[in-house]
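Q: What follows is query_1.pdb, PDB, C-alpha atoms and all ligand atoms.
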ATOM      1  CA  MET A   1     198.716 134.348 -45.156
ATOM      2  CA  THR A   2     195.236 132.870 -45.416
ATOM      3  CA  HIS A   3     192.893 132.724 -42.507
ATOM      4  CA  ILE A   4     191.603 129.305 -41.520
ATOM      5  CA  ASP A   5     188.223 129.396 -39.852
ATOM      6  CA  ARG A   6     188.274 127.675 -36.505
ATOM      7  CA  SER A   7     185.486 127.690 -33.980
ATOM      8  CA  PRO A   8     187.357 128.699 -30.869
ATOM      9  CA  PHE A   9     184.425 128.695 -28.464
ATOM     10  CA  ARG A  10     182.467 126.072 -26.605
ATOM     11  CA  THR A  11     178.843 125.553 -27.531
ATOM     12  CA  GLY A  12     176.534 127.655 -25.384
ATOM     13  CA  LEU A  13     179.207 130.215 -24.444
ATOM     14  CA  LEU A  14     176.622 133.026 -24.547
ATOM     15  CA  GLU A  15     173.532 131.109 -23.500
ATOM     16  CA  ASN A  16     172.847 133.422 -20.554
ATOM     17  CA  ARG A  17     173.077 136.538 -22.723
ATOM     18  CA  THR A  18     170.307 138.518 -24.370
ATOM     19  CA  VAL A  19     172.134 140.808 -26.742
ATOM     20  CA  LEU A  20     170.766 143.858 -28.494
ATOM     21  CA  ILE A  21     172.761 144.785 -31.605
ATOM     22  CA  THR A  22     172.235 148.127 -33.317
ATOM     23  CA  GLY A  23     172.547 148.028 -37.084
ATOM     24  CA  GLY A  24     172.141 144.269 -36.756
ATOM     25  CA  GLY A  25     170.403 143.765 -40.099
ATOM     26  CA  THR A  26     173.430 144.225 -42.324
ATOM     27  CA  GLY A  27     177.210 144.125 -42.462
ATOM     28  CA  LEU A  28     179.233 143.531 -39.330
ATOM     29  CA  GLY A  29     176.150 143.885 -37.112
ATOM     30  CA  ARG A  30     174.474 141.010 -38.937
ATOM     31  CA  SER A  31     177.640 138.889 -38.632
ATOM     32  CA  ALA A  32     177.802 139.630 -34.903
ATOM     33  CA  ALA A  33     174.122 138.704 -34.532
ATOM     34  CA  LEU A  34     174.618 135.345 -36.266
ATOM     35  CA  LYS A  35     177.737 134.608 -34.194
ATOM     36  CA  CYS A  36     176.118 135.478 -30.841
ATOM     37  CA  ALA A  37     173.047 133.406 -31.712
ATOM     38  CA  SER A  38     175.214 130.459 -32.765
ATOM     39  CA  LEU A  39     176.788 130.590 -29.292
ATOM     40  CA  GLY A  40     173.409 130.414 -27.583
ATOM     41  CA  ALA A  41     172.535 134.101 -27.031
ATOM     42  CA  ARG A  42     169.053 135.453 -27.621
ATOM     43  CA  VAL A  43     169.588 138.236 -30.114
ATOM     44  CA  GLY A  44     167.622 141.422 -30.731
ATOM     45  CA  VAL A  45     168.532 143.382 -33.840
ATOM     46  CA  VAL A  46     167.515 146.990 -34.319
ATOM     47  CA  GLY A  47     167.947 149.378 -37.203
ATOM     48  CA  ARG A  48     166.085 151.707 -39.503
ATOM     49  CA  ARG A  49     165.081 149.276 -42.256
ATOM     50  CA  GLU A  50     162.775 146.408 -41.368
ATOM     51  CA  GLU A  51     163.633 144.154 -44.305
ATOM     52  CA  PRO A  52     167.273 143.305 -43.435
ATOM     53  CA  LEU A  53     166.380 143.001 -39.745
ATOM     54  CA  LYS A  54     163.660 140.484 -40.569
ATOM     55  CA  ALA A  55     166.059 138.551 -42.782
ATOM     56  CA  THR A  56     168.675 138.327 -40.003
ATOM     57  CA  VAL A  57     166.049 137.118 -37.515
ATOM     58  CA  GLY A  58     164.836 134.585 -40.097
ATOM     59  CA  GLU A  59     168.364 133.233 -40.557
ATOM     60  CA  ILE A  60     168.876 132.861 -36.815
ATOM     61  CA  GLU A  61     165.531 131.149 -36.284
ATOM     62  CA  LYS A  62     166.153 128.805 -39.222
ATOM     63  CA  ALA A  63     169.366 127.703 -37.507
ATOM     64  CA  GLY A  64     167.414 127.007 -34.293
ATOM     65  CA  GLY A  65     168.262 130.240 -32.445
ATOM     66  CA  ARG A  66     166.081 132.834 -30.775
ATOM     67  CA  ALA A  67     165.893 136.354 -32.170
ATOM     68  CA  ALA A  68     163.643 139.379 -32.553
ATOM     69  CA  PHE A  69     163.832 142.718 -34.303
ATOM     70  CA  ALA A  70     162.571 146.240 -33.776
ATOM     71  CA  SER A  71     162.697 149.118 -36.229
ATOM     72  CA  CYS A  72     164.449 151.985 -34.542
ATOM     73  CA  ASP A  73     166.415 155.104 -35.347
ATOM     74  CA  VAL A  74     169.067 155.211 -32.631
ATOM     75  CA  ARG A  75     169.189 159.024 -32.943
ATOM     76  CA  ASP A  76     165.775 159.184 -31.325
ATOM     77  CA  ALA A  77     165.807 158.333 -27.595
ATOM     78  CA  ALA A  78     162.082 157.499 -27.515
ATOM     79  CA  SER A  79     162.509 155.107 -30.431
ATOM     80  CA  VAL A  80     165.351 153.406 -28.528
ATOM     81  CA  VAL A  81     163.175 152.926 -25.421
ATOM     82  CA  ALA A  82     160.412 151.442 -27.589
ATOM     83  CA  ALA A  83     162.892 149.100 -29.281
ATOM     84  CA  PHE A  84     164.159 147.813 -25.924
ATOM     85  CA  ASP A  85     160.546 147.280 -24.799
ATOM     86  CA  SER A  86     159.703 145.381 -27.958
ATOM     87  CA  ILE A  87     162.828 143.177 -27.888
ATOM     88  CA  GLU A  88     162.357 142.447 -24.169
ATOM     89  CA  ALA A  89     158.717 141.497 -24.756
ATOM     90  CA  SER A  90     159.937 138.777 -27.154
ATOM     91  CA  LEU A  91     163.215 137.669 -25.602
ATOM     92  CA  GLY A  92     163.219 138.735 -21.960
ATOM     93  CA  PRO A  93     165.501 141.284 -20.272
ATOM     94  CA  VAL A  94     168.436 142.487 -22.359
ATOM     95  CA  ASN A  95     171.788 142.230 -20.567
ATOM     96  CA  SER A  96     174.239 142.968 -23.373
ATOM     97  CA  LEU A  97     174.484 145.661 -26.018
ATOM     98  CA  VAL A  98     176.603 146.028 -29.131
ATOM     99  CA  ASN A  99     176.652 149.634 -30.338
ATOM    100  CA  ASN A 100     177.392 148.926 -33.965
ATOM    101  CA  ALA A 101     175.144 151.307 -35.942
ATOM    102  CA  ALA A 102     177.177 154.006 -37.654
ATOM    103  CA  GLY A 103     177.100 156.539 -40.420
ATOM    104  CA  ASN A 104     180.040 157.832 -42.407
ATOM    105  CA  PHE A 105     181.079 159.327 -45.736
ATOM    106  CA  LEU A 106     184.124 161.031 -47.176
ATOM    107  CA  CYS A 107     183.849 164.792 -47.401
ATOM    108  CA  ALA A 108     186.175 167.791 -47.128
ATOM    109  CA  SER A 109     185.264 169.303 -43.758
ATOM    110  CA  GLU A 110     184.767 172.836 -45.089
ATOM    111  CA  ASP A 111     182.039 171.434 -47.372
ATOM    112  CA  LEU A 112     180.033 169.719 -44.623
ATOM    113  CA  SER A 113     176.509 171.054 -44.163
ATOM    114  CA  ASP A 114     174.981 171.386 -40.700
ATOM    115  CA  ASN A 115     172.809 168.400 -41.415
ATOM    116  CA  ALA A 116     175.691 166.278 -42.731
ATOM    117  CA  PHE A 117     177.655 166.803 -39.509
ATOM    118  CA  ASP A 118     174.520 166.260 -37.436
ATOM    119  CA  SER A 119     173.525 163.025 -39.163
ATOM    120  CA  VAL A 120     176.770 161.203 -38.468
ATOM    121  CA  VAL A 121     177.281 162.581 -34.960
ATOM    122  CA  LYS A 122     173.701 161.811 -34.019
ATOM    123  CA  ILE A 123     173.860 158.212 -35.262
ATOM    124  CA  VAL A 124     177.269 157.454 -33.769
ATOM    125  CA  LEU A 125     177.544 159.546 -30.604
ATOM    126  CA  TYR A 126     173.938 160.225 -29.619
ATOM    127  CA  GLY A 127     172.831 156.775 -30.822
ATOM    128  CA  THR A 128     175.439 155.070 -28.654
ATOM    129  CA  PHE A 129     174.488 157.243 -25.695
ATOM    130  CA  ASN A 130     170.752 156.611 -26.144
ATOM    131  CA  CYS A 131     171.225 152.838 -26.268
ATOM    132  CA  THR A 132     173.876 152.629 -23.557
ATOM    133  CA  ARG A 133     171.912 154.823 -21.154
ATOM    134  CA  GLU A 134     168.777 152.767 -21.764
ATOM    135  CA  LEU A 135     170.494 149.463 -21.049
ATOM    136  CA  GLY A 136     172.251 150.975 -18.023
ATOM    137  CA  ARG A 137     168.967 152.258 -16.571
ATOM    138  CA  ARG A 138     167.318 148.867 -17.000
ATOM    139  CA  LEU A 139     170.224 146.888 -15.544
ATOM    140  CA  ILE A 140     170.667 149.220 -12.565
ATOM    141  CA  ARG A 141     166.930 149.154 -11.842
ATOM    142  CA  ALA A 142     166.844 145.348 -12.025
ATOM    143  CA  LYS A 143     170.150 144.959 -10.122
ATOM    144  CA  GLN A 144     171.508 142.873 -12.985
ATOM    145  CA  GLU A 145     175.019 142.809 -14.404
ATOM    146  CA  GLY A 146     175.639 143.465 -18.072
ATOM    147  CA  HIS A 147     177.975 144.272 -20.943
ATOM    148  CA  VAL A 148     178.263 147.068 -23.446
ATOM    149  CA  LEU A 149     180.473 147.107 -26.516
ATOM    150  CA  ALA A 150     181.000 149.981 -28.917
ATOM    151  CA  ILE A 151     182.484 149.497 -32.350
ATOM    152  CA  VAL A 152     184.786 152.484 -32.849
ATOM    153  CA  THR A 153     187.811 152.683 -35.141
ATOM    154  CA  SER A 154     191.534 153.214 -34.790
ATOM    155  CA  TYR A 155     191.071 156.871 -35.804
ATOM    156  CA  ALA A 156     188.944 157.391 -32.679
ATOM    157  CA  VAL A 157     192.334 157.981 -31.036
ATOM    158  CA  THR A 158     194.220 159.821 -33.785
ATOM    159  CA  GLY A 159     191.406 161.603 -35.602
ATOM    160  CA  SER A 160     191.169 161.336 -39.377
ATOM    161  CA  ALA A 161     191.061 163.814 -42.209
ATOM    162  CA  PHE A 162     187.996 163.777 -44.472
ATOM    163  CA  VAL A 163     185.762 161.817 -42.075
ATOM    164  CA  LEU A 164     185.633 164.501 -39.410
ATOM    165  CA  PRO A 165     182.095 163.895 -38.081
ATOM    166  CA  SER A 166     182.849 160.196 -37.705
ATOM    167  CA  ALA A 167     186.265 160.831 -36.105
ATOM    168  CA  ALA A 168     184.824 163.328 -33.622
ATOM    169  CA  ALA A 169     181.857 161.100 -32.782
ATOM    170  CA  LYS A 170     183.918 157.905 -32.397
ATOM    171  CA  ALA A 171     186.365 159.741 -30.102
ATOM    172  CA  GLY A 172     183.345 160.705 -28.017
ATOM    173  CA  VAL A 173     182.105 157.130 -27.959
ATOM    174  CA  LEU A 174     185.485 155.891 -26.775
ATOM    175  CA  ALA A 175     185.452 158.494 -23.984
ATOM    176  CA  MET A 176     181.904 157.405 -23.121
ATOM    177  CA  MET A 177     182.893 153.728 -22.747
ATOM    178  CA  ARG A 178     185.932 154.626 -20.647
ATOM    179  CA  SER A 179     183.964 157.020 -18.434
ATOM    180  CA  LEU A 180     181.160 154.562 -17.810
ATOM    181  CA  ALA A 181     183.553 151.663 -17.191
ATOM    182  CA  VAL A 182     184.562 153.527 -14.052
ATOM    183  CA  GLU A 183     181.138 154.904 -13.195
ATOM    184  CA  TRP A 184     179.177 151.666 -13.670
ATOM    185  CA  ALA A 185     181.749 149.142 -12.392
ATOM    186  CA  VAL A 186     179.906 149.242  -9.068
ATOM    187  CA  TYR A 187     176.802 147.883 -10.850
ATOM    188  CA  GLY A 188     178.725 145.041 -12.501
ATOM    189  CA  ILE A 189     178.370 146.580 -15.955
ATOM    190  CA  ARG A 190     181.415 146.162 -18.190
ATOM    191  CA  LEU A 191     181.991 148.483 -21.132
ATOM    192  CA  ASN A 192     184.616 148.029 -23.841
ATOM    193  CA  ALA A 193     185.354 149.400 -27.273
ATOM    194  CA  ILE A 194     186.584 147.559 -30.334
ATOM    195  CA  ALA A 195     188.615 149.428 -32.943
ATOM    196  CA  PRO A 196     188.469 147.540 -36.225
ATOM    197  CA  GLY A 197     190.578 148.367 -39.252
ATOM    198  CA  PRO A 198     189.065 147.746 -42.667
ATOM    199  CA  PHE A 199     186.520 144.929 -42.723
ATOM    200  CA  PRO A 200     184.697 144.815 -46.055
ATOM    201  CA  THR A 201     180.984 145.596 -45.862
ATOM    202  CA  GLU A 202     178.667 147.034 -48.481
ATOM    203  CA  GLY A 203     177.688 149.921 -46.154
ATOM    204  CA  ALA A 204     181.237 151.079 -45.411
ATOM    205  CA  PHE A 205     183.053 150.254 -48.631
ATOM    206  CA  SER A 206     180.377 151.818 -50.866
ATOM    207  CA  ARG A 207     180.868 155.099 -48.976
ATOM    208  CA  LEU A 208     184.582 155.056 -48.207
ATOM    209  CA  MET A 209     186.317 153.252 -51.077
ATOM    210  CA  ALA A 210     186.590 154.457 -54.654
ATOM    211  CA  GLY A 211     189.141 154.126 -57.451
ATOM    212  CA  ASP A 212     192.264 152.432 -56.161
ATOM    213  CA  LEU A 213     191.582 153.317 -52.490
ATOM    214  CA  GLU A 214     190.734 149.710 -51.710
ATOM    215  CA  LYS A 215     194.040 148.469 -53.143
ATOM    216  CA  LYS A 216     195.922 151.168 -51.229
ATOM    217  CA  ALA A 217     194.049 150.313 -48.038
ATOM    218  CA  VAL A 218     195.088 146.670 -48.171
ATOM    219  CA  GLU A 219     198.684 147.734 -48.845
ATOM    220  CA  ARG A 220     198.690 149.542 -45.483
ATOM    221  CA  VAL A 221     197.910 146.318 -43.641
ATOM    222  CA  PRO A 222     201.093 144.414 -42.719
ATOM    223  CA  MET A 223     199.077 141.167 -42.830
ATOM    224  CA  LYS A 224     198.247 142.065 -46.451
ATOM    225  CA  ARG A 225     194.538 141.397 -46.209
ATOM    226  CA  PHE A 226     191.357 142.901 -44.824
ATOM    227  CA  GLY A 227     189.721 141.469 -41.744
ATOM    228  CA  GLU A 228     187.125 138.716 -41.969
ATOM    229  CA  HIS A 229     183.756 139.169 -40.323
ATOM    230  CA  ASP A 230     184.219 136.025 -38.289
ATOM    231  CA  GLU A 231     187.370 137.443 -36.724
ATOM    232  CA  LEU A 232     185.549 140.522 -35.466
ATOM    233  CA  SER A 233     182.510 138.508 -34.350
ATOM    234  CA  ASN A 234     184.763 136.182 -32.348
ATOM    235  CA  LEU A 235     186.212 139.187 -30.516
ATOM    236  CA  ILE A 236     182.709 140.468 -29.794
ATOM    237  CA  ALA A 237     181.702 137.061 -28.429
ATOM    238  CA  TYR A 238     184.805 136.899 -26.250
ATOM    239  CA  LEU A 239     184.244 140.363 -24.780
ATOM    240  CA  LEU A 240     180.582 139.627 -24.052
ATOM    241  CA  SER A 241     181.368 136.291 -22.474
ATOM    242  CA  ASP A 242     182.452 135.144 -19.038
ATOM    243  CA  ALA A 243     185.944 134.643 -20.476
ATOM    244  CA  SER A 244     186.746 138.350 -19.954
ATOM    245  CA  PRO A 245     185.254 139.265 -16.548
ATOM    246  CA  TYR A 246     188.062 141.660 -15.552
ATOM    247  CA  GLN A 247     188.262 143.487 -18.871
ATOM    248  CA  THR A 248     186.469 146.815 -18.839
ATOM    249  CA  GLY A 249     187.217 150.300 -20.129
ATOM    250  CA  ASP A 250     189.455 148.745 -22.747
ATOM    251  CA  CYS A 251     189.720 149.432 -26.452
ATOM    252  CA  VAL A 252     190.819 146.378 -28.422
ATOM    253  CA  THR A 253     192.261 147.065 -31.855
ATOM    254  CA  ILE A 254     191.687 144.444 -34.540
ATOM    255  CA  ASP A 255     193.316 145.603 -37.763
ATOM    256  CA  GLY A 256     196.227 143.356 -38.769
ATOM    257  CA  ALA A 257     198.532 146.107 -37.343
ATOM    258  CA  GLU A 258     197.299 148.654 -39.912
ATOM    259  CA  ALA A 259     197.178 151.567 -37.459
ATOM    260  CA  LEU A 260     200.669 150.846 -36.159
ATOM    261  CA  PHE A 261     202.004 150.525 -39.700
ATOM    262  CA  SER A 262     200.471 153.871 -40.653
ATOM    263  CA  GLY A 263     202.085 155.597 -37.680
ATOM    264  CA  GLN A 264     205.573 154.089 -37.869
ATOM    265  CA  GLU A 265     208.233 156.039 -39.741
ATOM    266  CA  PHE A 266     210.191 153.064 -41.067
ATOM    267  CA  ALA A 267     207.255 150.695 -41.512
ATOM    268  CA  GLY A 268     207.633 150.825 -45.309
ATOM    269  CA  PHE A 269     210.550 148.384 -45.048
ATOM    270  CA  ALA A 270     208.068 145.721 -43.944
ATOM    271  CA  HIS A 271     206.501 145.809 -47.398
ATOM    272  CA  LEU A 272     209.740 145.213 -49.269
ATOM    273  CA  ASP A 273     210.990 141.756 -50.027
ATOM    274  CA  ARG A 274     212.868 140.963 -46.808
ATOM    275  CA  ALA A 275     216.210 140.270 -48.525
ATOM    276  CA  ALA A 276     215.852 143.539 -50.470
ATOM    277  CA  ALA A 277     214.981 145.400 -47.269
ATOM    278  CA  LYS A 278     218.044 143.986 -45.506
ATOM    279  CA  ALA A 279     220.281 144.857 -48.474
ATOM    280  CA  LEU A 280     218.913 148.382 -48.522
ATOM    281  CA  MET A 281     219.371 148.826 -44.778
ATOM    282  CA  THR A 282     222.944 147.507 -44.776
ATOM    283  CA  SER A 283     223.791 149.692 -47.808
ATOM    284  CA  ILE A 284     223.015 152.794 -45.771
ATOM    285  CA  LYS A 285     226.309 153.666 -44.152
ATOM    286  CA  PRO A 286     227.185 156.931 -42.492
ATOM    287  CA  LYS A 287     229.931 158.883 -44.315
ATOM    288  CA  LYS A 288     233.182 158.933 -42.364
TER     289      LYS A 288
HETATM  290  N1  LIG A 301     179.089 164.169 -48.630
HETATM  291  C1  LIG A 301     178.580 165.303 -48.064
HETATM  292  N2  LIG A 301     177.387 165.359 -47.444
HETATM  293  C2  LIG A 301     176.672 164.196 -47.394
HETATM  294  C3  LIG A 301     177.118 162.990 -47.959
HETATM  295  C4  LIG A 301     178.392 163.011 -48.611
HETATM  296  N3  LIG A 301     178.893 161.909 -49.168
HETATM  297  N4  LIG A 301     176.186 162.035 -47.734
HETATM  298  C5  LIG A 301     175.168 162.644 -47.061
HETATM  299  N5  LIG A 301     175.467 163.935 -46.859
HETATM  300  C6  LIG A 301     174.652 164.927 -46.222
HETATM  301  C7  LIG A 301     173.339 165.124 -46.977
HETATM  302  O1  LIG A 301     173.510 165.989 -48.080
HETATM  303  C8  LIG A 301     172.473 165.724 -45.880
HETATM  304  O2  LIG A 301     172.767 167.070 -45.654
HETATM  305  P1  LIG A 301     171.808 168.275 -46.262
HETATM  306  O3  LIG A 301     170.442 168.028 -45.698
HETATM  307  O4  LIG A 301     172.447 169.507 -45.752
HETATM  308  O5  LIG A 301     171.874 168.120 -47.748
HETATM  309  C9  LIG A 301     172.963 165.009 -44.635
HETATM  310  O6  LIG A 301     174.251 164.461 -44.936
HETATM  311  C10 LIG A 301     172.076 163.891 -44.220
HETATM  312  O7  LIG A 301     171.934 163.019 -45.310
HETATM  313  P2  LIG A 301     170.665 162.076 -45.441
HETATM  314  O8  LIG A 301     170.933 161.102 -46.524
HETATM  315  O9  LIG A 301     169.435 162.896 -45.501
HETATM  316  O10 LIG A 301     170.691 161.429 -43.976
HETATM  317  P3  LIG A 301     170.284 160.033 -43.504
HETATM  318  O11 LIG A 301     169.975 160.183 -42.086
HETATM  319  O12 LIG A 301     169.313 159.372 -44.388
HETATM  320  O13 LIG A 301     171.669 159.194 -43.674
HETATM  321  C11 LIG A 301     174.034 159.129 -43.525
HETATM  322  C12 LIG A 301     172.727 159.311 -42.797
HETATM  323  C13 LIG A 301     174.337 160.392 -44.319
HETATM  324  C14 LIG A 301     175.114 158.951 -42.460
HETATM  325  C15 LIG A 301     174.037 157.943 -44.496
HETATM  326  O14 LIG A 301     175.303 157.824 -45.097
HETATM  327  C16 LIG A 301     173.660 156.642 -43.824
HETATM  328  O15 LIG A 301     172.507 156.338 -43.670
HETATM  329  N6  LIG A 301     174.637 155.842 -43.401
HETATM  330  C17 LIG A 301     174.400 154.603 -42.666
HETATM  331  C18 LIG A 301     175.304 153.514 -43.094
HETATM  332  C19 LIG A 301     176.750 153.886 -43.119
HETATM  333  O16 LIG A 301     177.136 155.039 -43.256
HETATM  334  N7  LIG A 301     177.585 152.893 -42.991
HETATM  335  C20 LIG A 301     179.000 153.097 -42.976
HETATM  336  C21 LIG A 301     179.497 153.091 -41.602
HETATM  337  S1  LIG A 301     181.259 153.061 -41.608
END
Could you quickly redo this structure as structure tokens?
A:
Amino acid sequence: MTHIDRSPFRTGLLENRTVLITGGGTGLGRSAALKCASLGARVGVVGRREEPLKATVGEIEKAGGRAAFASCDVRDAASVVAAFDSIEASLGPVNSLVNNAAGNFLCASEDLSDNAFDSVVKIVLYGTFNCTRELGRRLIRAKQEGHVLAIVTSYAVTGSAFVLPSAAAKAGVLAMMRSLAVEWAVYGIRLNAIAPGPFPTEGAFSRLMAGDLEKKAVERVPMKRFGEHDELSNLIAYLLSDASPYQTGDCVTIDGAEALFSGQEFAGFAHLDRAAAKALMTSIKPKK
């Protein structure tokens, strides 16, 4: 089944949003930045490397949008405060945040060094906390409503072998969004998580796919393809928009049913030719 790109949103859907996107210079963060800007949001991108951030801002401005960048390591709370200050000086008060920056690699857990565990947990869990707390403080102080999204993963719920720091940190992020959805509802701040399956990016695939892993990964997706960036960006836009005012504390999975397939005992039948699957199923008869 091929995906046909449709623009499902009205022009200007996000025109009252100023969105800060962590890791917005590359990969899915960059795609989200371009999408939000195309829908009228002012977009601040932050990340460690200035070059890709600048390029994303350049692309948005070339298309007539408004954007700014700030170099920032989300692990460092002071750097996060400075990034918010810098983005707000260019674009005005931030009211939406996409916690997208992440770190991950495959490694047997007994071989992880202290620093390896620290690096991933600090980017994912501490980074999300630093950014979310900073936006929360600003919104509460200004008595403004706002939105926070966190990009997690389906294994935030189940855990996953060989990516333990990421699994532990993403589970923490999911708990953080759900906790704050209750705590900050009174301030009009909505928080949701998105759990994507495999969406090809250089950052993730260069660290997580090798040999025939990519082929095997696509075979686990009942829709028989990876996700497209536009599909994830559309979900981000929807959750940041006024189209979802009652949705908070949620975790929306977007994975072509990959996680369900992986957890269902008889899911393998779905990958057989349907006539062959039916023949096989009807051939299985209990002995009298
Ligand atoms: N297996 C085992 N340990 C690894 C590793 C791997 N594949 N990659 C990095 N490490 C260890 C390093 O050896 C180091 O530990 P040490 O000091 O004990 O040797 C530690 O992790 C930190 O690595 P370093 O490269 O110094 O950290 P960094 O802060 O520059 O990078 C990472 C952080 C490791 C998460 C890096 O992969 C990164 O920058 N990722 C961002 C992008 C990304 O991961 N995208 C995919 C998201 S799904």
Q: Build an axis-aligned box that encloses every atom of ligand LIG 301 (chain A) listed in the file, pad it by 5 Å on each side, and report its centre and edge lengths in Å to one decimal, as JSON.
A:
{"center_x": 175.3, "center_y": 161.2, "center_z": -45.4, "size_x": 21.9, "size_y": 26.6, "size_z": 17.6}
Q: Show me which residues sit within 7 Å of ligand LIG 301 (chain A) when counting only C-alpha atoms and all ligand atoms, and put them as a list in words.
A: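 The neighbouring residues of ligand LIG 301 (chain A) are, in order, Ala102, Gly103, Asn104, Phe105, Leu106, Cys107, Leu112, Ser113, Asp114, Asn115, Ala116, Phe117, Ser119, Val120, Gly203, Ala204 and Arg207 of chain A.
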Q: Given only C-alpha atoms as the basis, pick out the residue of A:Ala67, A:Leu239, A:Ile87, A:Ala259 nearest to Val218 in chain A.
A: A:Ala259
Q: Considering only C-alpha atoms, return as a ChimeraX atom specification whatever protein or nucleic-acid residues lie within 7 Å of Ser154 in chain A, sequence-local ones (same chain, fewer than 3 positions apart) excluded.
A: /A:157,195-197,253,259
Q: Take the point (187.5, 161.0, -33.4) as written in the file and pick out every residue within 12 Å of it, counting only C-alpha atoms; give the list as a ChimeraX atom specification.
A: /A:120-121,124-125,152-175,195
Q: Within 10 Å of Trp184 in chain A, counting all atoms listed in the file, which residues show up once you throw out same-chain ones fewer than 4 positions away? Write them as a VMD selection string, please.
A: chain A and resid 136 140 145 to 146 179 to 180 188 to 191
Q: Which is closest to Val186 in chain A among A:Leu213, A:Ala82, A:Leu14, A:Leu139, if we use all atoms listed in the file?
A: A:Leu139
Q: Compare A:Lys143, A:Arg17, A:Arg48, A:Arg75 by their minimum atom-to-atom distance to Leu91 in chain A, counting all atoms listed in the file, and give me the closest one.
A: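 Result for the nearest residue to Leu91 in chain A: A:Arg17.
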Q: Between A:Leu280, A:Leu149, A:Leu34, A:Ala63, single out the one closest to Ala101 in chain A, counting all atoms listed in the file.
A: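 Checking each of A:Leu280, A:Leu149, A:Leu34, A:Ala63 against Ala101 in chain A, counting all atoms listed in the file, the winner is A:Leu149.
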Q: Got a sec to resolve the PyMOL selection byres (((chain A and resi 64) around 12) and not hetatm) on this structure and send the residues as a list in words?
A: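 With the PyMOL selection byres (((chain A and resi 64) around 12) and not hetatm) on this model, the match is Leu34, Ala37, Ser38, Leu39, Gly40, Ala41, Arg42, Val57, Gly58, Glu59, Ile60, Glu61, Lys62, Ala63, Gly65, Arg66 and Ala67 of chain A.
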Q: Restricting it to C-alpha atoms, dump the selection as a compact mmCIF listing (two decimals), keeping the file's coordinate frame.
A:
# COMPACT_ATOMS: atom_id res chain seq x y z
CA LEU A 34 174.62 135.34 -36.27
CA ALA A 37 173.05 133.41 -31.71
CA SER A 38 175.21 130.46 -32.76
CA LEU A 39 176.79 130.59 -29.29
CA GLY A 40 173.41 130.41 -27.58
CA ALA A 41 172.54 134.10 -27.03
CA ARG A 42 169.05 135.45 -27.62
CA VAL A 57 166.05 137.12 -37.52
CA GLY A 58 164.84 134.58 -40.10
CA GLU A 59 168.36 133.23 -40.56
CA ILE A 60 168.88 132.86 -36.82
CA GLU A 61 165.53 131.15 -36.28
CA LYS A 62 166.15 128.80 -39.22
CA ALA A 63 169.37 127.70 -37.51
CA GLY A 65 168.26 130.24 -32.44
CA ARG A 66 166.08 132.83 -30.78
CA ALA A 67 165.89 136.35 -32.17
Q: Could you list the residues chosen by the PyMOL selection byres (((chain A and resi 127-135) around 8) and not hetatm) in this structure as a PDB file with C-alpha atoms, in the coordinates of the input?
A:
ATOM      1  CA  VAL A  74     169.067 155.211 -32.631  1.00  0.00           C
ATOM      2  CA  ARG A  75     169.189 159.024 -32.943  1.00  0.00           C
ATOM      3  CA  ASP A  76     165.775 159.184 -31.325  1.00  0.00           C
ATOM      4  CA  ALA A  77     165.807 158.333 -27.595  1.00  0.00           C
ATOM      5  CA  VAL A  80     165.351 153.406 -28.528  1.00  0.00           C
ATOM      6  CA  VAL A  81     163.175 152.926 -25.421  1.00  0.00           C
ATOM      7  CA  PHE A  84     164.159 147.813 -25.924  1.00  0.00           C
ATOM      8  CA  VAL A  94     168.436 142.487 -22.359  1.00  0.00           C
ATOM      9  CA  ASN A  95     171.788 142.230 -20.567  1.00  0.00           C
ATOM     10  CA  SER A  96     174.239 142.968 -23.373  1.00  0.00           C
ATOM     11  CA  LEU A  97     174.484 145.661 -26.018  1.00  0.00           C
ATOM     12  CA  ASN A  99     176.652 149.634 -30.338  1.00  0.00           C
ATOM     13  CA  ALA A 101     175.144 151.307 -35.942  1.00  0.00           C
ATOM     14  CA  LYS A 122     173.701 161.811 -34.019  1.00  0.00           C
ATOM     15  CA  ILE A 123     173.860 158.212 -35.262  1.00  0.00           C
ATOM     16  CA  VAL A 124     177.269 157.454 -33.769  1.00  0.00           C
ATOM     17  CA  LEU A 125     177.544 159.546 -30.604  1.00  0.00           C
ATOM     18  CA  TYR A 126     173.938 160.225 -29.619  1.00  0.00           C
ATOM     19  CA  GLY A 136     172.251 150.975 -18.023  1.00  0.00           C
ATOM     20  CA  ARG A 137     168.967 152.258 -16.571  1.00  0.00           C
ATOM     21  CA  ARG A 138     167.318 148.867 -17.000  1.00  0.00           C
ATOM     22  CA  LEU A 139     170.224 146.888 -15.544  1.00  0.00           C
ATOM     23  CA  VAL A 148     178.263 147.068 -23.446  1.00  0.00           C
ATOM     24  CA  ALA A 150     181.000 149.981 -28.917  1.00  0.00           C
ATOM     25  CA  VAL A 173     182.105 157.130 -27.959  1.00  0.00           C
ATOM     26  CA  MET A 176     181.904 157.405 -23.121  1.00  0.00           C
TER      27      MET A 176
END
Q: Starting from the PyMOL selection byres (((chain A and resi 230-235) around 8) and not hetatm), expand the selection into actual residues of this file and give them as a VMD selection string.
A: chain A and resid 5 28 31 to 32 35 to 36 196 227 to 229 236 to 239 254
